[in-house]
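Engineer: So that we are looking at the same thing, I have put the structure below in structure tokens.
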Amino acid sequence: MDKSGLKKVWADKFSHVPQVLENVKKVSSAATAFNANIDAVLKIKGSKIAELAQASGLNLKKLSEKGNNKLLFGSDVIKGIFKCFTRGIAEEWLTEDKIVFDWMVQHLGYDRLQMGGQGGIVANVLAVVGVNKVFAHANSLPKLQAEQFLKLDNLVSFDDDGKEKPAYLIDRKEDIPLIHWIIEFDKGDSFTFEGETFVCPKSNRFIATYDPLNLHLVMDKSFVEATTIQKMDYVILSGFHALTKQNDGVNLIKKSLPIIENWKENGDIVHLEIASTQDIAVRKAIVDEVAPKVDSVGINEREAIDVLEVIGCEDLAQKCNENTHSQNLFEALLAIKNKLKTPRIQLHMFGLYMTLQDKGFKITPEANLRGMMLAATIAASKAGTGNIHNKENLLWAHGQKVSDVGLDELTDLAELLKSPALLENGMAEVGGYDLIALPTILVEKPLTLVGMGDTISSLSLIGAR
């Protein structure tokens with residue numbers, strides 16, 4: 001079948017997405033844990049960087065010197081911005097120092113605030129698509145954080161007294177705001193400092209993070225108690241990636257395992273977003289300790305490569321890094337599945353989603369395909385409209401055709417597996433597992449990509465009914 005014919009086949013499948021969305025209303029409850037924070041988004045100009053450097057007494061030598069990628073002083077924030085701006089790269093530097101936080105509040109400001117952290121982003125998504133009750137974990141919930149939760153009564157958290165309330169109405173006055181500054185800059189922007197001109201080679205961002213609670217996996221006791229006493233349909237788990245070996249991250253992960261086991265014993269379906277985990281020891285602990293205990297894991301192509309590096313598949317990791325396409329990434333997915341033994345693993349890449357799961361898993365391949373189509377549609381709607389805060393935006397992309405990129409990747413995968421039927425029905429049996437693969441809808445000029453992976457993974461699971 002030619003590409004035009006395949007697009008018609010997939011258009012017919014995607015035509016059922018509105019009903020899939022309607023079925024989400026049958027989900028009684030879900031919980032998201034553990035990380036929610038505030039993203040302070042700031043577009044910075046080169047001239048502002050020069051102004052900040054001069055005001056802080058930095059000369060070019062100090063501005064350019066190699067550091068330890070930590071925010072120990074306000075001047076380190078400027079050094080990080082300078083490094084990323086001049087190289088066109090993205091980095092995240094951290095601080096737990098309130099003085100540095102106060103410096104950023106005073107000298108940086110922001111253009112807008114938005115929900116940050118996988119747990120917070122997913123809580124908003126699940127609430128707006130119609131899950132009856134969403135329990136959002138928030139280890140810090142002052143008014144500024146509460147304002148990032150959608151004004152929906154089905155999205156709840158816990159106040160100072162441990163009382164359940166709509167999250168947007170809570171103000172735990174003693175809590176501190178946990179803010180991640182997302183400092184964006186544009187390709188071609190420039191500034192001159194001490195007679196030398198610097199031009200930004202690529203649009204990118206520098207993240208300056210003040211988040212002492214999530215960096216230590218501090219948990220809200222009221223949330224943990226409430227979600228372990230009563231059954232949840234789903235628990236979407238994230239936040240381990242922010243830990244470090246130096247901050248006792250490996251032990252913190254181990255201390256969380258009994259909570260995960262309680263959720264499992266209640267019959268909850270527990271899904272883990274692995275996320276980009278820089279600390280190797282923490283990454284290995286997530287793979288060895290957490291992933292085998294959950295029902296489902298979500299990764300993107302970069303995270304798949306990261307996992308390969310800690311399960312003894314360095315050659316395959318390099319192969320995927322050099323050629324990030326569906327054939328190599330399926331090989332990666334299969335290797336990860338065999339190692340982690342997690343019943344269900346979903347990988348999302350540009351243009352294609354793949355889910356590999358045990359035969360007889362509690363969610364059928366057909367249901368998985370429905371969930372993945374819902375996720376693909378809503379993710380495209382988010383990219384095209386800039387947000388899905390309003391229900392009216394959820395199906396903005398409905399009716400758009402799947403991408404050529406996605407069909408090409410699926411074609412290559414079908415050829416690798418010698419399964420031509422995969423192209424038309426999105427399902428195949430491979431190595432004793434069920435494979436579900438889906439070409440996605442791509443938006444040519446996305447207004448946002450923030451939280452896209454979290455949206456895809458959570459809705460693929462929740463929508464699989």
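Starting from 1 in every chain, residues are counted up; chains themselves are A, B, ... following the order of the structure tokens, and ligands are numbered from 1 as listed.
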Identify, on the basis of only C-alpha atoms, every residue whose closest approach to range 79-89 of chain A does not exceed 6 Å; exclude the query and any residue fewer than 3 positions from it along the same chain; express the result as a PDB file with N, CA, C and O atoms, in the first residue's frame.
Structural biologist:
ATOM      1  N   LEU A  63      34.089  35.715  33.558  1.00  0.00           N
ATOM      2  CA  LEU A  63      32.857  35.297  32.895  1.00  0.00           C
ATOM      3  C   LEU A  63      33.062  33.998  32.109  1.00  0.00           C
ATOM      4  O   LEU A  63      32.155  33.167  32.021  1.00  0.00           O
ATOM      5  N   ASP A  76      27.408  33.162  39.414  1.00  0.00           N
ATOM      6  CA  ASP A  76      27.419  31.886  38.702  1.00  0.00           C
ATOM      7  C   ASP A  76      26.244  31.770  37.748  1.00  0.00           C
ATOM      8  O   ASP A  76      26.335  31.096  36.711  1.00  0.00           O
ATOM      9  N   CYS A 200      25.120  34.262  19.425  1.00  0.00           N
ATOM     10  CA  CYS A 200      24.512  32.984  19.811  1.00  0.00           C
ATOM     11  C   CYS A 200      24.340  32.108  18.566  1.00  0.00           C
ATOM     12  O   CYS A 200      23.633  32.486  17.627  1.00  0.00           O
ATOM     13  N   PRO A 201      24.958  30.911  18.527  1.00  0.00           N
ATOM     14  CA  PRO A 201      24.899  30.069  17.321  1.00  0.00           C
ATOM     15  C   PRO A 201      23.625  29.256  17.174  1.00  0.00           C
ATOM     16  O   PRO A 201      23.315  28.762  16.091  1.00  0.00           O
ATOM     17  N   LYS A 202      22.855  29.098  18.257  1.00  0.00           N
ATOM     18  CA  LYS A 202      21.652  28.263  18.196  1.00  0.00           C
ATOM     19  C   LYS A 202      20.695  28.657  19.324  1.00  0.00           C
ATOM     20  O   LYS A 202      21.123  28.844  20.456  1.00  0.00           O
ATOM     21  N   ASN A 204      18.441  28.255  22.328  1.00  0.00           N
ATOM     22  CA  ASN A 204      18.454  27.221  23.358  1.00  0.00           C
ATOM     23  C   ASN A 204      18.067  27.853  24.692  1.00  0.00           C
ATOM     24  O   ASN A 204      17.519  28.962  24.721  1.00  0.00           O
ATOM     25  N   PHE A 206      19.061  28.094  29.224  1.00  0.00           N
ATOM     26  CA  PHE A 206      19.811  27.761  30.437  1.00  0.00           C
ATOM     27  C   PHE A 206      18.814  27.689  31.576  1.00  0.00           C
ATOM     28  O   PHE A 206      17.968  28.572  31.736  1.00  0.00           O
TER      29      PHE A 206
END
Engineer: For Gln230 in chain A, find every residue with an atom within 8 Å (counting only C-alpha atoms), except residues of its own chain fewer than 3 positions away, and show them as a list of chain:residue names.
Structural biologist: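 Near neighbours after the sequence-gap exclusion: A:Ala226, A:Thr227, A:Asn266.
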Engineer: What's the 10 Å shell around Ala437 in chain A, counting only C-alpha atoms, without same-chain residues fewer than 4 positions away, as a list in words?
Structural biologist: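 What passes the distance filter is Gln346, Leu347, His348, Leu352, Tyr353, Met354, Thr355, Leu356, Pro365, Asn368, Leu369, Met372, Gly406, Glu409, Leu410, Leu413, Ala414, Leu422, Leu423, Asn425, Gly426, Met427 and Ala428 of chain A.
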Engineer: Take the residues from that selection and put them in a file with N, CA, C and O atoms, as a PDB file, in the first residue's frame.
Structural biologist:
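The resulting file, selection27.pdb, is shown below:
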ATOM      1  N   GLN A 346       7.066   2.024  27.159  1.00  0.00           N
ATOM      2  CA  GLN A 346       6.735   2.840  25.992  1.00  0.00           C
ATOM      3  C   GLN A 346       7.871   3.787  25.679  1.00  0.00           C
ATOM      4  O   GLN A 346       8.420   4.440  26.576  1.00  0.00           O
ATOM      5  N   LEU A 347       8.225   3.846  24.408  1.00  0.00           N
ATOM      6  CA  LEU A 347       9.264   4.759  23.927  1.00  0.00           C
ATOM      7  C   LEU A 347       8.635   5.700  22.909  1.00  0.00           C
ATOM      8  O   LEU A 347       7.971   5.250  21.969  1.00  0.00           O
ATOM      9  N   HIS A 348       8.808   6.990  23.110  1.00  0.00           N
ATOM     10  CA  HIS A 348       8.332   7.953  22.130  1.00  0.00           C
ATOM     11  C   HIS A 348       9.518   8.660  21.492  1.00  0.00           C
ATOM     12  O   HIS A 348      10.450   9.095  22.168  1.00  0.00           O
ATOM     13  N   LEU A 352       7.061   8.772  15.974  1.00  0.00           N
ATOM     14  CA  LEU A 352       6.639   7.393  16.220  1.00  0.00           C
ATOM     15  C   LEU A 352       6.625   7.081  17.713  1.00  0.00           C
ATOM     16  O   LEU A 352       7.522   7.497  18.446  1.00  0.00           O
ATOM     17  N   TYR A 353       5.579   6.372  18.153  1.00  0.00           N
ATOM     18  CA  TYR A 353       5.544   5.816  19.509  1.00  0.00           C
ATOM     19  C   TYR A 353       5.593   4.294  19.392  1.00  0.00           C
ATOM     20  O   TYR A 353       4.957   3.708  18.511  1.00  0.00           O
ATOM     21  N   MET A 354       6.307   3.652  20.318  1.00  0.00           N
ATOM     22  CA  MET A 354       6.369   2.191  20.378  1.00  0.00           C
ATOM     23  C   MET A 354       6.111   1.733  21.801  1.00  0.00           C
ATOM     24  O   MET A 354       6.707   2.272  22.741  1.00  0.00           O
ATOM     25  N   THR A 355       5.239   0.759  21.972  1.00  0.00           N
ATOM     26  CA  THR A 355       5.013   0.143  23.270  1.00  0.00           C
ATOM     27  C   THR A 355       5.306  -1.351  23.153  1.00  0.00           C
ATOM     28  O   THR A 355       4.811  -2.012  22.232  1.00  0.00           O
ATOM     29  N   LEU A 356       6.108  -1.866  24.070  1.00  0.00           N
ATOM     30  CA  LEU A 356       6.434  -3.285  24.118  1.00  0.00           C
ATOM     31  C   LEU A 356       5.984  -3.813  25.472  1.00  0.00           C
ATOM     32  O   LEU A 356       6.380  -3.282  26.513  1.00  0.00           O
ATOM     33  N   PRO A 365      -3.318  -4.940  23.647  1.00  0.00           N
ATOM     34  CA  PRO A 365      -2.688  -4.156  22.573  1.00  0.00           C
ATOM     35  C   PRO A 365      -3.670  -3.192  21.904  1.00  0.00           C
ATOM     36  O   PRO A 365      -3.302  -2.050  21.586  1.00  0.00           O
ATOM     37  N   ASN A 368      -4.121  -0.278  24.141  1.00  0.00           N
ATOM     38  CA  ASN A 368      -2.901   0.532  24.090  1.00  0.00           C
ATOM     39  C   ASN A 368      -2.877   1.410  22.851  1.00  0.00           C
ATOM     40  O   ASN A 368      -2.492   2.580  22.916  1.00  0.00           O
ATOM     41  N   LEU A 369      -3.263   0.842  21.723  1.00  0.00           N
ATOM     42  CA  LEU A 369      -3.279   1.625  20.485  1.00  0.00           C
ATOM     43  C   LEU A 369      -4.229   2.809  20.608  1.00  0.00           C
ATOM     44  O   LEU A 369      -3.909   3.926  20.179  1.00  0.00           O
ATOM     45  N   MET A 372      -2.583   5.453  22.745  1.00  0.00           N
ATOM     46  CA  MET A 372      -1.492   6.119  22.031  1.00  0.00           C
ATOM     47  C   MET A 372      -2.024   7.097  21.000  1.00  0.00           C
ATOM     48  O   MET A 372      -1.429   8.158  20.770  1.00  0.00           O
ATOM     49  N   GLY A 406       6.585   9.823  10.503  1.00  0.00           N
ATOM     50  CA  GLY A 406       6.110   8.690  11.287  1.00  0.00           C
ATOM     51  C   GLY A 406       5.868   7.457  10.436  1.00  0.00           C
ATOM     52  O   GLY A 406       6.230   6.336  10.820  1.00  0.00           O
ATOM     53  N   GLU A 409       9.202   5.924   9.451  1.00  0.00           N
ATOM     54  CA  GLU A 409       9.808   5.187  10.570  1.00  0.00           C
ATOM     55  C   GLU A 409       9.081   3.858  10.802  1.00  0.00           C
ATOM     56  O   GLU A 409       9.710   2.833  11.076  1.00  0.00           O
ATOM     57  N   LEU A 410       7.757   3.878  10.700  1.00  0.00           N
ATOM     58  CA  LEU A 410       6.990   2.651  10.882  1.00  0.00           C
ATOM     59  C   LEU A 410       7.262   1.658   9.754  1.00  0.00           C
ATOM     60  O   LEU A 410       7.346   0.446   9.986  1.00  0.00           O
ATOM     61  N   LEU A 413      10.521   0.000  10.450  1.00  0.00           N
ATOM     62  CA  LEU A 413      10.374  -0.954  11.555  1.00  0.00           C
ATOM     63  C   LEU A 413       9.690  -2.230  11.069  1.00  0.00           C
ATOM     64  O   LEU A 413      10.096  -3.345  11.427  1.00  0.00           O
ATOM     65  N   ALA A 414       8.650  -2.074  10.261  1.00  0.00           N
ATOM     66  CA  ALA A 414       7.944  -3.240   9.729  1.00  0.00           C
ATOM     67  C   ALA A 414       8.874  -4.097   8.867  1.00  0.00           C
ATOM     68  O   ALA A 414       8.808  -5.334   8.900  1.00  0.00           O
ATOM     69  N   LEU A 422       2.094  -4.687  10.440  1.00  0.00           N
ATOM     70  CA  LEU A 422       2.341  -3.641  11.439  1.00  0.00           C
ATOM     71  C   LEU A 422       2.039  -2.263  10.873  1.00  0.00           C
ATOM     72  O   LEU A 422       1.600  -1.361  11.594  1.00  0.00           O
ATOM     73  N   LEU A 423       2.261  -2.114   9.568  1.00  0.00           N
ATOM     74  CA  LEU A 423       2.038  -0.820   8.923  1.00  0.00           C
ATOM     75  C   LEU A 423       0.569  -0.410   8.951  1.00  0.00           C
ATOM     76  O   LEU A 423       0.253   0.774   9.013  1.00  0.00           O
ATOM     77  N   ASN A 425      -2.050  -2.084  10.939  1.00  0.00           N
ATOM     78  CA  ASN A 425      -2.826  -2.240  12.182  1.00  0.00           C
ATOM     79  C   ASN A 425      -2.079  -1.818  13.424  1.00  0.00           C
ATOM     80  O   ASN A 425      -2.649  -1.768  14.513  1.00  0.00           O
ATOM     81  N   GLY A 426      -0.772  -1.527  13.305  1.00  0.00           N
ATOM     82  CA  GLY A 426      -0.013  -1.003  14.429  1.00  0.00           C
ATOM     83  C   GLY A 426       0.293  -2.013  15.513  1.00  0.00           C
ATOM     84  O   GLY A 426       0.745  -1.631  16.592  1.00  0.00           O
ATOM     85  N   MET A 427       0.073  -3.292  15.237  1.00  0.00           N
ATOM     86  CA  MET A 427       0.306  -4.314  16.260  1.00  0.00           C
ATOM     87  C   MET A 427       1.015  -5.520  15.662  1.00  0.00           C
ATOM     88  O   MET A 427       0.773  -5.889  14.507  1.00  0.00           O
ATOM     89  N   ALA A 428       1.892  -6.117  16.460  1.00  0.00           N
ATOM     90  CA  ALA A 428       2.601  -7.319  16.041  1.00  0.00           C
ATOM     91  C   ALA A 428       3.090  -8.054  17.278  1.00  0.00           C
ATOM     92  O   ALA A 428       3.175  -7.477  18.369  1.00  0.00           O
TER      93      ALA A 428
END
Engineer: Just list the residues in range 73-263 of chain A DSSP gives strand (DSSP E or B) on the backbone, as an NGL selection string.
Structural biologist: :A and (91-95 or 112-116 or 133-136 or 155-158 or 164-166 or 179-185 or 190-193 or 196-199 or 204-210 or 234-237)
Engineer: Would you mind reading off the distance between CA of Leu333 in chain A and CA of Gly451 in chain A, one decimal, in Å?
Structural biologist: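 Answer for the CA of Leu333 in chain A to CA of Gly451 in chain A separation: 21.8 Å.
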Engineer: Which residues come within 6 Å of Val199 in chain A, counting only C-alpha atoms, excluding same-chain residues fewer than 2 positions away, as JSON, numbers by chain?
Structural biologist: {"A": [188, 189, 190]}
Engineer: Write out, as an mmCIF file, in the first residue's frame, the residues just selected, with all heavy atoms.
Structural biologist:
data_model
loop_
_atom_site.group_PDB
_atom_site.id
_atom_site.type_symbol
_atom_site.label_atom_id
_atom_site.label_comp_id
_atom_site.auth_asym_id
_atom_site.auth_seq_id
_atom_site.Cartn_x
_atom_site.Cartn_y
_atom_site.Cartn_z
ATOM 1 N N GLY A 188 21.477 34.016 16.681
ATOM 2 C CA GLY A 188 21.776 35.271 15.985
ATOM 3 C C GLY A 188 21.830 36.481 16.877
ATOM 4 O O GLY A 188 22.353 37.537 16.478
ATOM 5 N N ASP A 189 21.294 36.386 18.092
ATOM 6 C CA ASP A 189 21.392 37.494 19.036
ATOM 7 C C ASP A 189 22.864 37.657 19.438
ATOM 8 O O ASP A 189 23.637 36.682 19.445
ATOM 9 C CB ASP A 189 20.525 37.218 20.262
ATOM 10 C CG ASP A 189 20.357 38.448 21.144
ATOM 11 O OD1 ASP A 189 20.703 39.561 20.689
ATOM 12 O OD2 ASP A 189 19.886 38.292 22.284
ATOM 13 N N SER A 190 23.252 38.862 19.803
ATOM 14 C CA SER A 190 24.668 39.093 20.095
ATOM 15 C C SER A 190 24.829 40.194 21.139
ATOM 16 O O SER A 190 23.894 40.940 21.428
ATOM 17 C CB SER A 190 25.419 39.491 18.818
ATOM 18 O OG SER A 190 24.948 40.738 18.325
#
Engineer: What is the distance, in Å and to one decimal place, between CA of Ile38 in chain A and CA of His241 in chain A?
Structural biologist: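 These atoms are spaced 16.9 Å apart.
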Engineer: Rounded to one decimal place, report the CA of Gly239 in chain A-CA of Ala90 in chain A distance in Å.
Structural biologist: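 Those two atoms sit 19.8 Å apart.
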Engineer: Output as a VMD selection string all residues of range 229-351 of chain A that backbone DSSP marks as helix (DSSP H, G or I).
Structural biologist: chain A and resid 229 240 to 242 249 to 265 280 to 293 301 to 310 314 to 322 326 to 340
Engineer: For Ile441 in chain A, which residue out of A:Val24, A:Val297, A:Ile305, A:Ala11 is the nearest one, using only C-alpha atoms?
Structural biologist: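 Under the stated criterion, the closest residue is A:Ala11.
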Engineer: Select, from A:Val270, A:Ala275, A:Leu169, A:Val27, the residue with the minimum atom-to-atom distance to Ser296 in chain A, counting only C-alpha atoms.
Structural biologist: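 Smallest distance to Ser296 in chain A is found for A:Val270.
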Engineer: Please list as a list in words every residue within 10 Å of Val41 in chain A, counting only C-alpha atoms and excluding residues in the same chain fewer than 3 positions away.
Structural biologist: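 Listing them by chain and then by number gives Ile38, Ile44, Gly109, Tyr110, Asp111, Arg112, Leu113, Gln114, His180, Trp181, Ile182, Ile183, Glu184, Arg205 and Ile207 of chain A.
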